[in-house]
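Remarks on the structure that follows.
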Amino acid sequence: MDISHPLHIARIQVHVLRHPISTPVRTSFGVMHDRPAVFIRIEDTDGAYGWGEAWCNYPGCGAEHRGRLIETVLWPLLEGRAFDSPCAVHEHLSAETAVLAIQSGEPGPLAQAIAGLDLAMWDLCARRAGEPLWRFLGGTRDTIGVYASGLNPHAPEQLVARKWEEGFRAFKLKIGFEPTRDLENLRRIRDAVGTSAMLMADANQAWDLPTACQRVQALAEFELGWLEEPLRADRPWQEWRELATHTNTPLAAGENVSSQQAFSSLLDSGAVRIVQPDIAKWGGISDIQPLVRRIQKHGLQYFPHYLGGGIGLLHSAHLLAATGGSGWLEVDANDNPLRTRFCGRLAAVGAGRVSLGNAPGIGIEPEL
């Protein structure tokens, strides 16, 4: 990548959007009745611009909150300043808000707001260089695998059938509900797609260790690609290691890990084989790209977590393409117009893969 001259930030526009949905999105810890998004546009003094997105799904008021943090806390720290790179912006904002994050008890929302700005800065730099983001980040290919995620516990086989027709060949079901219901849903999906499709499950931190050790025995028949967050993300890694001895199914985690030190503990634990950081939730590209290299050095697989609008999804796709490996992009299967209207080439899935193309940056011009 080539950051040819300093970045003089001229203005920021924050767009807080919310779209109603007819079918709520259900997890073990709550229900989403609409789909929010925080889209961020950054422009420099030369007129170059870029788009980013901050994570904001839970609770329902999160989008407005992140938007206000960007406008009232972070923008004053950037206005009129010049930076050598997006990484320098990320470092500056993280350092300047470190004490505030402790004092306010809001390290998560601030990290998510910073991540959204970081993504916008990387898009700006790639557009200014006239390169697609995947190539600007050092990638050599624009094609990646995808999987359909977030399958609700109500008649998931119907949604799977639609996604199969759209070109998906791997699927992840939300479990962590009543055990009989979880198993029946897995059987229905397996019957719908056969044994050739990859099937995964996400428990959304629903179980304690004794419960998880019991539940994984019943899951063995489905030969899952992975079991995601069977335990709470704040449980000691020794509990994850204990669970791993009760199953051959790979364990997956990372979307709720939010510091380099915490990821070091995850990588060193030996319990998790699928690592899933979310660039819009913590770290942006500046922190996650070097983290991916560490994941791969440990012999683990990087499968980016993502649940939001189309702009952040595109960033996740470009980083995945740039870093290589065998991971797939998570694409939420539930209705979300703020994703489908802004996901560009990701809408064209063929045999479980997508191509990102050669348009500058993330490859779209959002019409909000």
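In the structure tokens, chains take letters A, B, ... by order of appearance, with residues numbered from 1 within each chain and ligands from 1 in the order shown.
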
Near-Glu221 in chain A list (12 Å; only C-alpha atoms; drop same-chain fewer than 4 positions) as number ranges by chain
A: 183, 186-187, 190, 195, 199, 215-217, 225, 247-249

Which range 104-220 of chain A residues have any atom within 9 Å of an atom of range 312-333 of chain A, and for each, what is the nearest pair of atoms with distance in Å to one decimal, counting only C-alpha atoms, rows sorted by chain and number, as a Markdown table?
```
| residue | atom | partner | partner_atom | distance |
| --- | --- | --- | --- | --- |
| A:Gly116 | CA | A:Gly312 | CA | 8.1 |
| A:Leu119 | CA | A:His315 | CA | 7.1 |
| A:Asp123 | CA | A:His315 | CA | 8.3 |
| A:Pro132 | CA | A:His318 | CA | 8.2 |
| A:Leu133 | CA | A:His318 | CA | 6.0 |
| A:Trp134 | CA | A:His318 | CA | 4.5 |
| A:Arg135 | CA | A:Ala322 | CA | 6.5 |
| A:Phe136 | CA | A:Ala322 | CA | 8.3 |
| A:Leu137 | CA | A:Ala322 | CA | 5.8 |
| A:Gly138 | CA | A:Ala322 | CA | 5.8 |
| A:Gly139 | CA | A:Ala322 | CA | 3.7 |
| A:Thr140 | CA | A:Ala322 | CA | 6.8 |
| A:Arg141 | CA | A:Ala321 | CA | 6.4 |
| A:Asp142 | CA | A:Ala321 | CA | 5.8 |
| A:Thr143 | CA | A:Ala321 | CA | 6.7 |
| A:Ile144 | CA | A:Ala321 | CA | 6.1 |
| A:Gly145 | CA | A:Trp328 | CA | 4.5 |
| A:Val146 | CA | A:Leu329 | CA | 4.5 |
| A:Tyr147 | CA | A:Glu330 | CA | 5.4 |
| A:Ala148 | CA | A:Val331 | CA | 5.1 |
| A:Ser149 | CA | A:Asp332 | CA | 4.6 |
| A:Gly150 | CA | A:Asp332 | CA | 5.5 |
| A:Leu151 | CA | A:Ala333 | CA | 6.5 |
| A:Leu159 | CA | A:Ala333 | CA | 7.6 |
| A:Val160 | CA | A:Ala333 | CA | 8.4 |
| A:Lys163 | CA | A:Ala333 | CA | 7.4 |
| A:Phe171 | CA | A:Ala333 | CA | 9.0 |
```

All alpha helix (DSSP H) positions in range 8-128 of chain A, as a ChimeraX atom specification
/A:62-69,75-78,86-96,98-104,107-128

Give me the range 181-228 of chain A side of the contact with range 10-31 of chain A, cut-off 9 Å, one line per residue showing its nearest atom pair and distance in Å at one decimal, counting only C-alpha atoms, sorted by chain and residue number, as a Markdown table.
```
| residue | atom | partner | partner_atom | distance |
| --- | --- | --- | --- | --- |
| A:Ala203 | CA | A:Ser28 | CA | 7.2 |
| A:Asn204 | CA | A:Ser28 | CA | 6.1 |
| A:Gln205 | CA | A:Ser28 | CA | 7.7 |
| A:Ala206 | CA | A:Ser28 | CA | 6.1 |
```

Between CA of Glu157 in chain A and CA of Glu178 in chain A, measure the distance and give it in Å to one decimal.
17.6 Å

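Relative to CA of Leu231 in chain A, CA of Ala212 in chain A is found at 7.2 Å.
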
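Considering the residues A:Pro36, A:Gly50, A:Pro59, A:Gly284 and counting only C-alpha atoms, Gly361 in chain A has its shortest atom-to-atom contact with A:Gly50.
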
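If you measure from each of A:Arg273, A:Arg162, A:Arg341, A:Arg232 to Ala244 in chain A using only C-alpha atoms, the closest one turns out to be A:Arg273.
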
When you look at Ile3 in chain A with a cut-off of 8 Å (counting only C-alpha atoms), what residues show up, excluding the ones that are within fewer than 6 positions of it in the same chain? I need them as an MDAnalysis selection string.
chainID A and resid 84:85 125

For the selection you just gave me, I'd like the residues written to a file as a CSV table (one decimal), in the first residue's frame, keeping all heavy atoms.
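The new file selection_21.csv reads:
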```
chain,number,residue,atom,x,y,z
A,84,ASP,N,-0.5,10.6,9.1
A,84,ASP,CA,0.3,9.9,8.1
A,84,ASP,C,-0.4,8.7,7.5
A,84,ASP,O,0.0,8.2,6.4
A,84,ASP,CB,1.7,9.5,8.7
A,84,ASP,CG,2.6,10.6,9.0
A,84,ASP,OD1,2.4,11.7,8.4
A,84,ASP,OD2,3.4,10.5,9.9
A,85,SER,N,-1.3,8.1,8.3
A,85,SER,CA,-2.0,6.9,7.8
A,85,SER,C,-3.2,6.6,8.6
A,85,SER,O,-3.4,7.2,9.7
A,85,SER,CB,-1.0,5.7,8.0
A,85,SER,OG,-0.8,5.4,9.4
A,125,CYS,N,-8.2,6.1,1.5
A,125,CYS,CA,-6.9,6.0,1.0
A,125,CYS,C,-6.8,5.1,-0.3
A,125,CYS,O,-6.1,5.4,-1.2
A,125,CYS,CB,-5.9,5.4,2.1
A,125,CYS,SG,-5.6,6.5,3.4
```

What's the 10 Å shell around Gln276 in chain A, counting only C-alpha atoms, without same-chain residues fewer than 5 positions away, as a ChimeraX atom specification?
/A:228,252-257,292,295,301-306,327,330

Can those selected residues be exported to a file as a PDB file, in the first residue's frame so that it contains N, CA, C and O atoms?
```pdb
ATOM      1  N   GLU A 228     -20.032 -22.201  17.484  1.00  0.00           N
ATOM      2  CA  GLU A 228     -19.640 -20.823  17.801  1.00  0.00           C
ATOM      3  C   GLU A 228     -20.187 -20.381  19.158  1.00  0.00           C
ATOM      4  O   GLU A 228     -21.366 -20.597  19.467  1.00  0.00           O
ATOM      5  N   ALA A 252     -15.435 -22.011  17.920  1.00  0.00           N
ATOM      6  CA  ALA A 252     -15.211 -20.718  17.269  1.00  0.00           C
ATOM      7  C   ALA A 252     -15.548 -19.590  18.235  1.00  0.00           C
ATOM      8  O   ALA A 252     -16.515 -19.675  18.996  1.00  0.00           O
ATOM      9  N   ALA A 253     -14.758 -18.510  18.181  1.00  0.00           N
ATOM     10  CA  ALA A 253     -14.995 -17.338  19.034  1.00  0.00           C
ATOM     11  C   ALA A 253     -14.203 -16.168  18.481  1.00  0.00           C
ATOM     12  O   ALA A 253     -13.333 -16.328  17.617  1.00  0.00           O
ATOM     13  N   GLY A 254     -14.490 -14.987  18.996  1.00  0.00           N
ATOM     14  CA  GLY A 254     -13.704 -13.803  18.637  1.00  0.00           C
ATOM     15  C   GLY A 254     -14.516 -12.549  18.431  1.00  0.00           C
ATOM     16  O   GLY A 254     -13.974 -11.448  18.550  1.00  0.00           O
ATOM     17  N   GLU A 255     -15.800 -12.675  18.105  1.00  0.00           N
ATOM     18  CA  GLU A 255     -16.585 -11.468  17.844  1.00  0.00           C
ATOM     19  C   GLU A 255     -16.716 -10.591  19.082  1.00  0.00           C
ATOM     20  O   GLU A 255     -16.932  -9.376  18.969  1.00  0.00           O
ATOM     21  N   ASN A 256     -16.613 -11.194  20.280  1.00  0.00           N
ATOM     22  CA  ASN A 256     -16.742 -10.444  21.524  1.00  0.00           C
ATOM     23  C   ASN A 256     -15.429 -10.356  22.286  1.00  0.00           C
ATOM     24  O   ASN A 256     -15.416 -10.162  23.500  1.00  0.00           O
ATOM     25  N   VAL A 257     -14.332 -10.491  21.573  1.00  0.00           N
ATOM     26  CA  VAL A 257     -12.996 -10.258  22.124  1.00  0.00           C
ATOM     27  C   VAL A 257     -12.534  -8.907  21.605  1.00  0.00           C
ATOM     28  O   VAL A 257     -12.660  -8.616  20.412  1.00  0.00           O
ATOM     29  N   VAL A 292      -4.869 -10.836  11.983  1.00  0.00           N
ATOM     30  CA  VAL A 292      -5.088 -11.976  11.093  1.00  0.00           C
ATOM     31  C   VAL A 292      -3.765 -12.699  10.819  1.00  0.00           C
ATOM     32  O   VAL A 292      -3.723 -13.933  10.778  1.00  0.00           O
ATOM     33  N   ILE A 295      -3.194 -14.857  13.736  1.00  0.00           N
ATOM     34  CA  ILE A 295      -4.099 -16.015  13.699  1.00  0.00           C
ATOM     35  C   ILE A 295      -3.529 -17.093  12.781  1.00  0.00           C
ATOM     36  O   ILE A 295      -3.462 -18.280  13.137  1.00  0.00           O
ATOM     37  N   GLN A 301      -7.727 -20.602  11.729  1.00  0.00           N
ATOM     38  CA  GLN A 301      -8.429 -20.039  10.574  1.00  0.00           C
ATOM     39  C   GLN A 301      -9.154 -18.750  10.944  1.00  0.00           C
ATOM     40  O   GLN A 301      -9.766 -18.654  12.014  1.00  0.00           O
ATOM     41  N   TYR A 302      -9.096 -17.788  10.036  1.00  0.00           N
ATOM     42  CA  TYR A 302      -9.763 -16.495  10.194  1.00  0.00           C
ATOM     43  C   TYR A 302     -11.065 -16.512   9.399  1.00  0.00           C
ATOM     44  O   TYR A 302     -11.053 -16.617   8.174  1.00  0.00           O
ATOM     45  N   PHE A 303     -12.179 -16.445  10.119  1.00  0.00           N
ATOM     46  CA  PHE A 303     -13.502 -16.303   9.518  1.00  0.00           C
ATOM     47  C   PHE A 303     -14.115 -15.037  10.102  1.00  0.00           C
ATOM     48  O   PHE A 303     -14.577 -15.047  11.249  1.00  0.00           O
ATOM     49  N   PRO A 304     -14.112 -13.923   9.375  1.00  0.00           N
ATOM     50  CA  PRO A 304     -14.577 -12.662   9.978  1.00  0.00           C
ATOM     51  C   PRO A 304     -16.033 -12.717  10.407  1.00  0.00           C
ATOM     52  O   PRO A 304     -16.887 -13.184   9.652  1.00  0.00           O
ATOM     53  N   HIS A 305     -16.294 -12.240  11.613  1.00  0.00           N
ATOM     54  CA  HIS A 305     -17.675 -12.060  12.058  1.00  0.00           C
ATOM     55  C   HIS A 305     -18.208 -10.759  11.477  1.00  0.00           C
ATOM     56  O   HIS A 305     -17.486  -9.771  11.351  1.00  0.00           O
ATOM     57  N   TYR A 306     -19.492 -10.766  11.115  1.00  0.00           N
ATOM     58  CA  TYR A 306     -20.111  -9.503  10.710  1.00  0.00           C
ATOM     59  C   TYR A 306     -21.628  -9.617  10.753  1.00  0.00           C
ATOM     60  O   TYR A 306     -22.195 -10.593  10.254  1.00  0.00           O
ATOM     61  N   GLY A 327     -10.653 -18.919   4.924  1.00  0.00           N
ATOM     62  CA  GLY A 327     -11.874 -18.502   5.602  1.00  0.00           C
ATOM     63  C   GLY A 327     -12.945 -18.009   4.644  1.00  0.00           C
ATOM     64  O   GLY A 327     -12.678 -17.722   3.473  1.00  0.00           O
ATOM     65  N   GLU A 330     -18.950 -14.045   6.421  1.00  0.00           N
ATOM     66  CA  GLU A 330     -20.278 -14.227   7.011  1.00  0.00           C
ATOM     67  C   GLU A 330     -21.262 -13.239   6.395  1.00  0.00           C
ATOM     68  O   GLU A 330     -21.047 -12.031   6.445  1.00  0.00           O
TER      69      GLU A 330
END
```

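Using only C-alpha atoms, the nearest neighbour of Leu356 in chain A within the list A:Gly344, A:Glu96, A:Gly299, A:Phe83 is A:Gly344.
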
Can you tell me, as a ChimeraX atom specification, what residues are no more than 10 Å from Gly47 in chain A when counting only C-alpha atoms, ignoring any on the same chain fewer than 2 positions away?
/A:9-11,42-45,49,124,128

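As for CA of Leu243 in chain A and CA of Ala271 in chain A, they are spaced 8.2 Å apart.
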
Per DSSP on the backbone, what are the strand (DSSP E or B) residues of range 128-275 of chain A, as a VMD selection string?
chain A and resid 132 143 to 151 170 to 174 198 to 202 207 227 to 228 231 251 to 253 274 to 275

Considering only C-alpha atoms, return as a PyMOL selection string whatever protein or nucleic-acid residues lie within 12 Å of Ala88 in chain A, sequence-local ones (same chain, fewer than 6 positions apart) excluded.
chain A and resi 3+6-7+78+81-82+94-95+114+117-118+121-122+286-287

With N, CA, C and O atoms retained, could you export that selection as a PDB file, in the first residue's frame?
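File selection_7.pdb, as written:
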```
ATOM      1  N   ILE A   3       0.650   5.214   1.090  1.00  0.00           N
ATOM      2  CA  ILE A   3       0.027   6.432   1.626  1.00  0.00           C
ATOM      3  C   ILE A   3       0.932   7.576   1.191  1.00  0.00           C
ATOM      4  O   ILE A   3       1.935   7.893   1.826  1.00  0.00           O
ATOM      5  N   PRO A   6       0.229  13.085   3.660  1.00  0.00           N
ATOM      6  CA  PRO A   6      -0.569  13.091   4.890  1.00  0.00           C
ATOM      7  C   PRO A   6      -2.060  13.293   4.629  1.00  0.00           C
ATOM      8  O   PRO A   6      -2.471  13.880   3.632  1.00  0.00           O
ATOM      9  N   LEU A   7      -2.838  12.789   5.570  1.00  0.00           N
ATOM     10  CA  LEU A   7      -4.292  12.877   5.495  1.00  0.00           C
ATOM     11  C   LEU A   7      -4.762  14.069   6.319  1.00  0.00           C
ATOM     12  O   LEU A   7      -4.634  14.087   7.545  1.00  0.00           O
ATOM     13  N   LEU A  78     -10.219  15.025  15.789  1.00  0.00           N
ATOM     14  CA  LEU A  78      -9.670  14.915  14.437  1.00  0.00           C
ATOM     15  C   LEU A  78      -9.673  16.240  13.682  1.00  0.00           C
ATOM     16  O   LEU A  78      -8.836  16.442  12.795  1.00  0.00           O
ATOM     17  N   ARG A  81      -6.603  18.318  12.004  1.00  0.00           N
ATOM     18  CA  ARG A  81      -5.345  17.603  12.208  1.00  0.00           C
ATOM     19  C   ARG A  81      -4.955  16.832  10.951  1.00  0.00           C
ATOM     20  O   ARG A  81      -5.796  16.504  10.122  1.00  0.00           O
ATOM     21  N   ALA A  82      -3.667  16.545  10.837  1.00  0.00           N
ATOM     22  CA  ALA A  82      -3.145  15.748   9.732  1.00  0.00           C
ATOM     23  C   ALA A  82      -2.528  14.469  10.292  1.00  0.00           C
ATOM     24  O   ALA A  82      -1.931  14.472  11.376  1.00  0.00           O
ATOM     25  N   SER A  94      -7.704   6.114  19.899  1.00  0.00           N
ATOM     26  CA  SER A  94      -7.700   5.140  20.992  1.00  0.00           C
ATOM     27  C   SER A  94      -6.972   5.688  22.219  1.00  0.00           C
ATOM     28  O   SER A  94      -7.442   5.528  23.359  1.00  0.00           O
ATOM     29  N   ALA A  95      -5.846   6.349  21.985  1.00  0.00           N
ATOM     30  CA  ALA A  95      -5.085   6.901  23.104  1.00  0.00           C
ATOM     31  C   ALA A  95      -5.837   8.046  23.783  1.00  0.00           C
ATOM     32  O   ALA A  95      -5.885   8.129  25.021  1.00  0.00           O
ATOM     33  N   ILE A 114     -14.713   4.236  16.885  1.00  0.00           N
ATOM     34  CA  ILE A 114     -13.365   4.387  16.321  1.00  0.00           C
ATOM     35  C   ILE A 114     -13.170   3.433  15.150  1.00  0.00           C
ATOM     36  O   ILE A 114     -12.578   3.796  14.120  1.00  0.00           O
ATOM     37  N   LEU A 117     -14.712   4.816  11.976  1.00  0.00           N
ATOM     38  CA  LEU A 117     -13.878   5.871  11.379  1.00  0.00           C
ATOM     39  C   LEU A 117     -12.646   5.270  10.714  1.00  0.00           C
ATOM     40  O   LEU A 117     -12.220   5.728   9.641  1.00  0.00           O
ATOM     41  N   ASP A 118     -12.061   4.271  11.328  1.00  0.00           N
ATOM     42  CA  ASP A 118     -10.894   3.609  10.754  1.00  0.00           C
ATOM     43  C   ASP A 118     -11.219   3.019   9.382  1.00  0.00           C
ATOM     44  O   ASP A 118     -10.442   3.175   8.422  1.00  0.00           O
ATOM     45  N   MET A 121     -11.366   5.681   6.779  1.00  0.00           N
ATOM     46  CA  MET A 121     -10.051   6.187   6.399  1.00  0.00           C
ATOM     47  C   MET A 121      -9.362   5.246   5.406  1.00  0.00           C
ATOM     48  O   MET A 121      -8.721   5.697   4.446  1.00  0.00           O
ATOM     49  N   TRP A 122      -9.494   3.936   5.621  1.00  0.00           N
ATOM     50  CA  TRP A 122      -8.881   2.993   4.680  1.00  0.00           C
ATOM     51  C   TRP A 122      -9.556   3.063   3.306  1.00  0.00           C
ATOM     52  O   TRP A 122      -8.879   2.991   2.270  1.00  0.00           O
ATOM     53  N   SER A 286      -7.037  -1.399  10.893  1.00  0.00           N
ATOM     54  CA  SER A 286      -5.713  -1.111  11.452  1.00  0.00           C
ATOM     55  C   SER A 286      -5.273  -2.144  12.468  1.00  0.00           C
ATOM     56  O   SER A 286      -4.096  -2.535  12.503  1.00  0.00           O
ATOM     57  N   ASP A 287      -6.177  -2.607  13.329  1.00  0.00           N
ATOM     58  CA  ASP A 287      -5.821  -3.610  14.327  1.00  0.00           C
ATOM     59  C   ASP A 287      -6.062  -5.038  13.851  1.00  0.00           C
ATOM     60  O   ASP A 287      -5.345  -5.959  14.250  1.00  0.00           O
TER      61      ASP A 287
END
```

Pick from A:Glu242, A:Ala111, A:Pro290, A:Glu166: nearest to Val354 in chain A, with only C-alpha atoms counted?
A:Glu166
